[in-house]
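Q: Got a structure for you, questions after.
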There are 4 protein chains.
Amino acid sequence: MKYRQTRLQVGELATGQALNVPIFDFDGRDKTAPNVFIQANVHGAEVQGNAVIFQLMSLLETYDILGDIRILPLANPLGINQKSGEFTLGRFDPITGMNWNREYQAPVIELAQWFERHQALDDAALIKAYRQELVNICLQGLDNEWGLSTGKRLALNLQALAHEADIVLDLHTGPKSCKHLYCPEYDIKAARYFSIPYTLVIPNEFGGAMDESIFCPWWQLSDFLKCQGRNLDVPISAFTLELGSQEHIDLAEALNDAKGILAYLSHRGVIKEKLTPQVMPRYACYLKHYKKYHAPLSGLVEYKAPLGKVLPEGQVLANILRLDLYGTEQVLTPLTLNQTCVPILHFASASVHQGTELYKVMTQVFELSFLI
Amino acid sequence: MKYRQTRLQVGELATGQALNVPIFDFDGRDKTAPNVFIQANVHGAEVQGNAVIFQLMSLLETYDILGDIRILPLANPLGINQKSGEFTLGRFDPITGMNWNREYQAPVIELAQWFERHQALDDAALIKAYRQELVNICLQGLDNEWGLSTGKRLALNLQALAHEADIVLDLHTGPKSCKHLYCPEYDIKAARYFSIPYTLVIPNEFGGAMDESIFCPWWQLSDFLKCQGRNLDVPISAFTLELGSQEHIDLAEALNDAKGILAYLSHRGVIKEKLTPQVMPRYACYLKHYKKYHAPLSGLVEYKAPLGKVLPEGQVLANILRLDLYGTEQVLTPLTLNQTCVPILHFASASVHQGTELYKVMTQVFELSFLI
Amino acid sequence: MKYRQTRLQVGELATGQALNVPIFDFDGRDKTAPNVFIQANVHGAEVQGNAVIFQLMSLLETYDILGDIRILPLANPLGINQKSGEFTLGRFDPITGMNWNREYQAPVIELAQWFERHQALDDAALIKAYRQELVNICLQGLDNEWGLSTGKRLALNLQALAHEADIVLDLHTGPKSCKHLYCPEYDIKAARYFSIPYTLVIPNEFGGAMDESIFCPWWQLSDFLKCQGRNLDVPISAFTLELGSQEHIDLAEALNDAKGILAYLSHRGVIKEKLTPQVMPRYACYLKHYKKYHAPLSGLVEYKAPLGKVLPEGQVLANILRLDLYGTEQVLTPLTLNQTCVPILHFASASVHQGTELYKVMTQVFELSFLI
Amino acid sequence: MKYRQTRLQVGELATGQALNVPIFDFDGRDKTAPNVFIQANVHGAEVQGNAVIFQLMSLLETYDILGDIRILPLANPLGINQKSGEFTLGRFDPITGMNWNREYQAPVIELAQWFERHQALDDAALIKAYRQELVNICLQGLDNEWGLSTGKRLALNLQALAHEADIVLDLHTGPKSCKHLYCPEYDIKAARYFSIPYTLVIPNEFGGAMDESIFCPWWQLSDFLKCQGRNLDVPISAFTLELGSQEHIDLAEALNDAKGILAYLSHRGVIKEKLTPQVMPRYACYLKHYKKYHAPLSGLVEYKAPLGKVLPEGQVLANILRLDLYGTEQVLTPLTLNQTCVPILHFASASVHQGTELYKVMTQVFELSFLI
């Protein structure tokens, strides 16, 4: 057994039960190697990341581990246990509607002031000081005289741990989805290692998600220093991996994704063994070209466009069936787009009110090699 | 256009909006042919029956219709429109927990008394009088000084219409399910016509479902008359068709099932054309051998056993993954049964509390031809 | 400290967390005194029973306890922790719709056979043997090769403990409710002791609730023995106390109800001190005269009739406001009954679909002294 | 009848049913008088505003109306009809978790450019042009090739109408709440007219709510023009009125609030009659001093602090009851604040997870007359 198991208390249920997240720590033997933080299942229905962690930990037991690796499966016990009908109501707090992956915080650091106090430090010391600042802000956030919300408490507990790592992987899934990766533009080369065909190239903008909460403050620091004439590459990597569909466990597929993660960790020197990434075409689009398509009318939905395949302009994305309009042309409405796209995910249910987010599609897709 | 469209008001929403079910009436030209009542989507997430109705109505426009056919798609507007998270919370009333398909009523008819008053009638007149009695009981139930519940109002409105038909088809689906048919034992030959490989042979017991509410009173009458020395075959047919999985629309598969329904209607003389049922193996088991398997422990579920295939004794039904127990043997528990079965449906979510109904399986399965 | 605290595991959440109910055992010093089982909060939103238990346990520490008293607050951890919006979705399992208080079981005992084997026993031994039979049936139910549902597991765990007691109190509340007691007809004198003004007199019929599951088998035994010419009073008492409204904690009111329970326990000799029941008028009606009034139309509801007060025939129970019908007479509909009643509880929300159970009212109410 | 009734379609349910909001238009006889837009019940459980509208419309029929008054009760039919358990899940879209009152949009107008094109206009024409711009942006938002979400469609439909008015009143309630008013700082004198004792003074910051979406763009214009040396008072008034508790209808209280609204409309010259505002003390605090107090621990809650009354420092806000900790000091934890405050609202349920927003309290409260 190469790991230690502890737990993180992130809340407390009405009956008094503590909400704990299991933590598995694999200690690396080389303290100069990057260390890693991996979490899964912050959205309660997105369980496949746990299966990937299961396979990853099983594999790690056979590798020569250089950097510390900390792994938190089942990271949102309240969200995972909250059923609503047969399904897990896991995207948001059932009480407030707040999305569990939008509660991480962007630290407010006055960079000019901060740098004035720390500019004498060399890069390594500067990084260490900044990291400590980020962790402290999370810890201070947890200690608030007015208390803090259930979701904020969870987020800050996880974020405080994640800030301590050099590499942060947040494992999610879509509703019905093909695999895709959220990758910050400065770190786009990383996308060559995971077993994931589609990558969203994301800018330096904070929207509340874990990955953004980790890299944005470093990216801002890097940009700020550049203006000051000092060059510091962003020393931190943070990605969201979307590993297929929610409400689904597939151990064979999980093994595949665990190997993709290991290929990246190998590349980064976290494990000593050299692993080759899977050979596969990899595509990307910029986040601004990633489009939500909302149901223009209500009805029953036959999802037609396969996920992860090019859908030429004008071809059918989905059919909307409206039995109340039988006998008219509106009984069956094929939905099409007037541009070529790659559908990445679609809604989970087969009946929709008007306005439901039906598909998310990549437009202006390019091969990743063009960017790299 | 060979049909008339009207609607049935079954309730009223808090804002005052009427809850209406569309009704499509195809008039038959031979008043001696049996007449038919078909409804779909009483459980809100079970939408595929509407697609079958769409295909069926399209086909009916090309046939020579002898018996009246009344079709009610979208039969439970409240249940269909009630979302809970991304999914449709359609099995039960969100306020009371009451299953929408358990509110039909078993009429309380004192058969000895009733028959004493009607014994002079010939079979046709007896059937007519009994049918009128059944309809009247529903209508009286709708007119109650203390009011009636939302679900009871829906059920009695539908049941009153269904009692007027000779053939009643209630279109449902399972959660994740292969196709199967609920067929009363006296009518088992009917199972040869639908495009459905598995049949549950059900006894004369009322549990609240539509099909039972229709055939039970007639079956009781038939049994009673037998004791009185008068032979009257049950003159009514009522089936529940489980047409695959909920939250799923597939128009091609729906066409297949529409043809199966037409093959049965052809056999019964509702349409003039002679249609041959699909050639396929058909299997059955008695309802008492249809078993619910509840999760013996909680965790994440990898569903392994394919639906509609024989699963030999001891083979894996599902794996339960428990990341909190990583490092112990309990991290992955394969679930097996100690008898051969055919898994028919499984739970819709990939994470379960202890006790969740994980699979429903047929045991003691036999080829339908043995029974027929 | 006069009690021991243990816990009862009743299930397991998807993340692996055990669902435990706390048990507090106060040991009595006289083993001939009756022993007591008290539980609260089986319906998740009905929290006031816990406050009553808090006050009761505090008081018990100062009394001379003769009979054993076992107390289970927070008896349904899954139901208590399950929020839906701001409120606790506690009446039914969110997955199945099954009412948590309808899963107790009526043991199937073939009384003639059972008595043949045990008729030589004297009353005390007969009672002991029958009690053991009831407990065993629960334990066997918990050990089922097909598993058992979440709700059934909870119910059988609680019922197995409750069968061991001579006095069973199940603490509930209504939605918005005045206090009332469910009391079996054979035990009606007990109603004089609790601090509860309204009593429902219930017959020997099993509907799935805790109290019925405890007293019905004994009542049946008593009735059976009477037919055999042997007289055995029902040796068991079981009541459901409805202690006001759900989603409400009031410690002062809880103290009042705790004293009422103590007055009953004093009367039964469970504590040595003599406590006088509160002097108050007490009324009753038979369960068959307890009526559910369903909303005859939908709309917004102004609840007008005070709970626990006589409402003369024709006076306004509630107003239904329908803004969509402003300008017509239907904008405001006063609802009335054509008989005098006592409204006991009403629905919790101020907007209703047609058919919502709006009020429950006692009709044909009489002073309890007439019955006793 | 002095009004016209029409309706606004704001969406479509899965079954095809249109979601309509009723509109009542009272035409004023003086086209120079300000016109008014009033809506209620955008949060589905906050029904009391409809009762206020009922009383207001009844009163308006007897007044001499100068300005046009447009009234939309039941403004969110999807939210109002969505039950979850017994209660209305009305604060957010059950599918997305999105708060219905955070989807209004802040128009992106490049003020410098816009003003350059319009600076020749006099104030009245400038106002007219800017208003048209605001309406157009909403209409353009409704016409989006990628569709728009259910909540955005509702919000933009309502906002487009509201921008046409000079006075916008959005009627809400809290969960359990005393009456309070959200009032922009520039318009603070208006707070003297409504029958509302507590006012939140809000700054020029957009958070997604209706009132902000209406006044922010005008406030920005006013500020911008000031920098340009042109003085234009904000010509628009927009308020959110919080009229007590959700899930509650009280027609008598509604009459009181309707009169308060009329007093304000009288002051503004919308009706000819001179109405005197209710004489009552009125208090206020700045939004930044309005504090959310989150449950520091989980448990059952006895709410102690009365709403709308000063709670001195150190006095009990609520008690947290934890039966699992009976026998320790933690069984009952009184929650206190270390500053004086006025509790304005508290959470609706009596059991809470850690982090639940338990109370919202005003701190640094002052008499409104100090500000005015």
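Chain lettering (A, B, ...) mirrors the order of the structure tokens, residue numbering begins at 1 for each chain separately, and ligand numbering begins at 1 in order of display.
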Kindly provide, as a PyMOL selection string, the residues of chain C having any atom no farther than 7 Å from an atom of chain D, counting only C-alpha atoms.
A: chain C and resi 22+54+73+84-87+89+247-250+301-302+323-324+348-350
Q: I want to know what sits within 9 Å of Asp30 (chain C), based on only C-alpha atoms, with residues of the same chain fewer than 5 positions away left out; could you give that as a short mmCIF file (atom, residue, chain, number, x, y, z; two decimals) with all heavy atoms, in the first residue's frame?
A:
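Writing done, so here's out_23.cif:
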data_model
loop_
_atom_site.label_atom_id
_atom_site.label_comp_id
_atom_site.auth_asym_id
_atom_site.auth_seq_id
_atom_site.Cartn_x
_atom_site.Cartn_y
_atom_site.Cartn_z
N ILE C 65 -37.80 5.98 37.42
CA ILE C 65 -38.25 5.24 36.25
C ILE C 65 -38.39 3.76 36.59
O ILE C 65 -37.44 3.11 37.04
CB ILE C 65 -37.24 5.44 35.09
CG1 ILE C 65 -37.18 6.94 34.74
CG2 ILE C 65 -37.64 4.61 33.88
CD1 ILE C 65 -36.13 7.29 33.71
N LEU C 66 -39.58 3.24 36.35
CA LEU C 66 -39.86 1.83 36.67
C LEU C 66 -39.71 0.95 35.42
O LEU C 66 -39.07 -0.10 35.48
CB LEU C 66 -41.27 1.71 37.24
CG LEU C 66 -41.55 2.58 38.48
CD1 LEU C 66 -42.99 2.39 38.97
CD2 LEU C 66 -40.57 2.25 39.61
N GLY C 67 -40.33 1.36 34.34
CA GLY C 67 -40.27 0.54 33.12
C GLY C 67 -39.18 1.04 32.19
O GLY C 67 -38.85 2.23 32.17
N ASP C 68 -38.63 0.14 31.39
CA ASP C 68 -37.61 0.55 30.42
C ASP C 68 -38.22 1.50 29.38
O ASP C 68 -39.33 1.27 28.90
CB ASP C 68 -37.06 -0.67 29.68
CG ASP C 68 -36.27 -1.58 30.61
OD1 ASP C 68 -35.88 -1.14 31.71
OD2 ASP C 68 -36.04 -2.75 30.21
N VAL C 270 -45.17 3.51 34.38
CA VAL C 270 -43.81 3.48 33.83
C VAL C 270 -42.88 4.34 34.68
O VAL C 270 -41.68 4.05 34.80
CB VAL C 270 -43.80 3.95 32.36
CG1 VAL C 270 -42.39 3.96 31.80
CG2 VAL C 270 -44.73 3.09 31.52
#
Q: Would you please give, as a list in words, all residues of region 242-297 of chain B that DSSP assigns to alpha helix (DSSP H) based on the backbone?
A: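 Alpha helix (DSSP H) members of region 242-297 of chain B, listed: Leu251, Ala252, Glu253, Ala254, Leu255, Asn256, Asp257, Ala258, Lys259, Gly260, Ile261, Leu262, Ala263, Tyr264, Leu265, Ser266 and His267 of chain B.
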Q: Set the distance at 8 Å and use only C-alpha atoms: which residues neighbour region 122-137 of chain D once local chain neighbours fewer than 2 positions away are removed? I'd like the list as JSON, numbers by chain.
A: {"D": [107, 118, 119, 120, 139, 140, 141, 159, 160, 161, 163, 164, 232, 235]}
Q: Skip Gly355 (chain A) itself and residues of its chain fewer than 6 positions away, then list as a VMD selection string all residues within 12 Å of it, counting only C-alpha atoms.
A: (chain A and resid 292 to 299 347) or (chain D and resid 10 to 14 93 95 to 96 142 144 146 to 154)
Q: Can I get the selected residues back with C-alpha atoms, as a JSON list (two decimals), in the first residue's frame?
A:
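Now in part.json:
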[["chain", "number", "residue", "atom", "x", "y", "z"],
["A", 292, "LYS", "CA", -25.32, 26.51, -26.55],
["A", 293, "TYR", "CA", -28.32, 25.69, -28.70],
["A", 294, "HIS", "CA", -31.62, 26.17, -26.88],
["A", 295, "ALA", "CA", -34.83, 24.43, -27.90],
["A", 296, "PRO", "CA", -36.68, 26.94, -30.10],
["A", 297, "LEU", "CA", -39.93, 25.14, -29.33],
["A", 298, "SER", "CA", -41.08, 22.61, -26.77],
["A", 299, "GLY", "CA", -41.90, 18.95, -27.30],
["A", 347, "PHE", "CA", -29.58, 17.38, -22.82],
["D", 10, "VAL", "CA", -43.48, 33.67, -22.31],
["D", 11, "GLY", "CA", -42.77, 30.04, -23.12],
["D", 12, "GLU", "CA", -44.11, 26.63, -23.95],
["D", 13, "LEU", "CA", -44.33, 23.44, -21.89],
["D", 14, "ALA", "CA", -43.13, 20.03, -23.05],
["D", 93, "ASP", "CA", -35.59, 26.90, -12.75],
["D", 95, "ILE", "CA", -33.65, 22.22, -14.59],
["D", 96, "THR", "CA", -30.80, 24.71, -14.39],
["D", 142, "LEU", "CA", -35.38, 37.57, -27.84],
["D", 144, "ASN", "CA", -31.23, 34.87, -31.14],
["D", 146, "TRP", "CA", -28.92, 30.00, -30.86],
["D", 147, "GLY", "CA", -32.18, 30.36, -29.01],
["D", 148, "LEU", "CA", -32.35, 31.49, -25.44],
["D", 149, "SER", "CA", -32.94, 29.81, -22.13],
["D", 150, "THR", "CA", -36.37, 29.45, -20.56],
["D", 151, "GLY", "CA", -35.51, 31.96, -17.87],
["D", 152, "LYS", "CA", -33.93, 34.47, -20.23],
["D", 153, "ARG", "CA", -36.99, 34.34, -22.50],
["D", 154, "LEU", "CA", -39.28, 35.05, -19.56]]
Q: Mind checking which residues fall within 9 Å of Trp219 (chain B), counting only C-alpha atoms, ignoring those fewer than 5 positions away in the same chain, and posting them as a list in words?
A: Tyr186, Asn204, Phe224, Asp233, Val234, Pro235 and Ile236 of chain B
Q: Excluding Thr62 (chain D) and any residue of its chain fewer than 2 positions from it, enumerate the residues within 12 Å of it, using only C-alpha atoms, and give them as a list in words.
A: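 With the cut-off at 12 Å, the set is Met1, Lys2, Phe26, Gln55, Leu56, Met57, Ser58, Leu59, Leu60, Asp64, Ile65, Leu262, Ile271, Lys272 and Glu273 of chain D.
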Q: Mind dumping the selected residues with C-alpha atoms as an mmCIF file, in the first residue's frame?
A:
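Dumped to part36.cif:
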data_model
loop_
_atom_site.group_PDB
_atom_site.id
_atom_site.type_symbol
_atom_site.label_atom_id
_atom_site.label_comp_id
_atom_site.auth_asym_id
_atom_site.auth_seq_id
_atom_site.Cartn_x
_atom_site.Cartn_y
_atom_site.Cartn_z
ATOM 1 C CA MET D 1 -64.802 47.751 -16.458
ATOM 2 C CA LYS D 2 -61.957 50.172 -16.908
ATOM 3 C CA PHE D 26 -55.869 50.426 -17.166
ATOM 4 C CA GLN D 55 -57.033 44.584 -4.139
ATOM 5 C CA LEU D 56 -55.249 47.240 -6.175
ATOM 6 C CA MET D 57 -57.274 46.549 -9.318
ATOM 7 C CA SER D 58 -60.495 46.541 -7.305
ATOM 8 C CA LEU D 59 -59.563 49.935 -5.858
ATOM 9 C CA LEU D 60 -58.422 51.332 -9.205
ATOM 10 C CA ASP D 64 -59.660 58.705 -11.652
ATOM 11 C CA ILE D 65 -56.701 57.226 -13.506
ATOM 12 C CA LEU D 262 -51.843 53.858 -4.367
ATOM 13 C CA ILE D 271 -54.210 58.848 -10.126
ATOM 14 C CA LYS D 272 -55.896 62.143 -9.549
ATOM 15 C CA GLU D 273 -57.091 61.518 -6.002
#
Q: Using only C-alpha atoms, which protein or nucleic acid residues come within 8 Å of Asn101 (chain A)? Drop anything in the same chain fewer than 5 positions from it, and give the result as a PyMOL selection string.
A: chain A and resi 42-43+91+155+208-210
Q: Using only C-alpha atoms, which residue out of B:Thr363, B:Gln82, B:Asn76, B:Asn99 lies closest to Asn20 (chain B)?
A: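 Closest candidate: B:Asn76.
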Q: Just give me the gap between CA of Met362 (chain D) and CA of Pro343 (chain D) in Å, one decimal is fine.
A: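 So the answer is 6.3 Å.
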Q: Quote the spacing between CA of Phe239 (chain C) and CA of Leu181 (chain C) in Å to one decimal place.
A: 7.1 Å
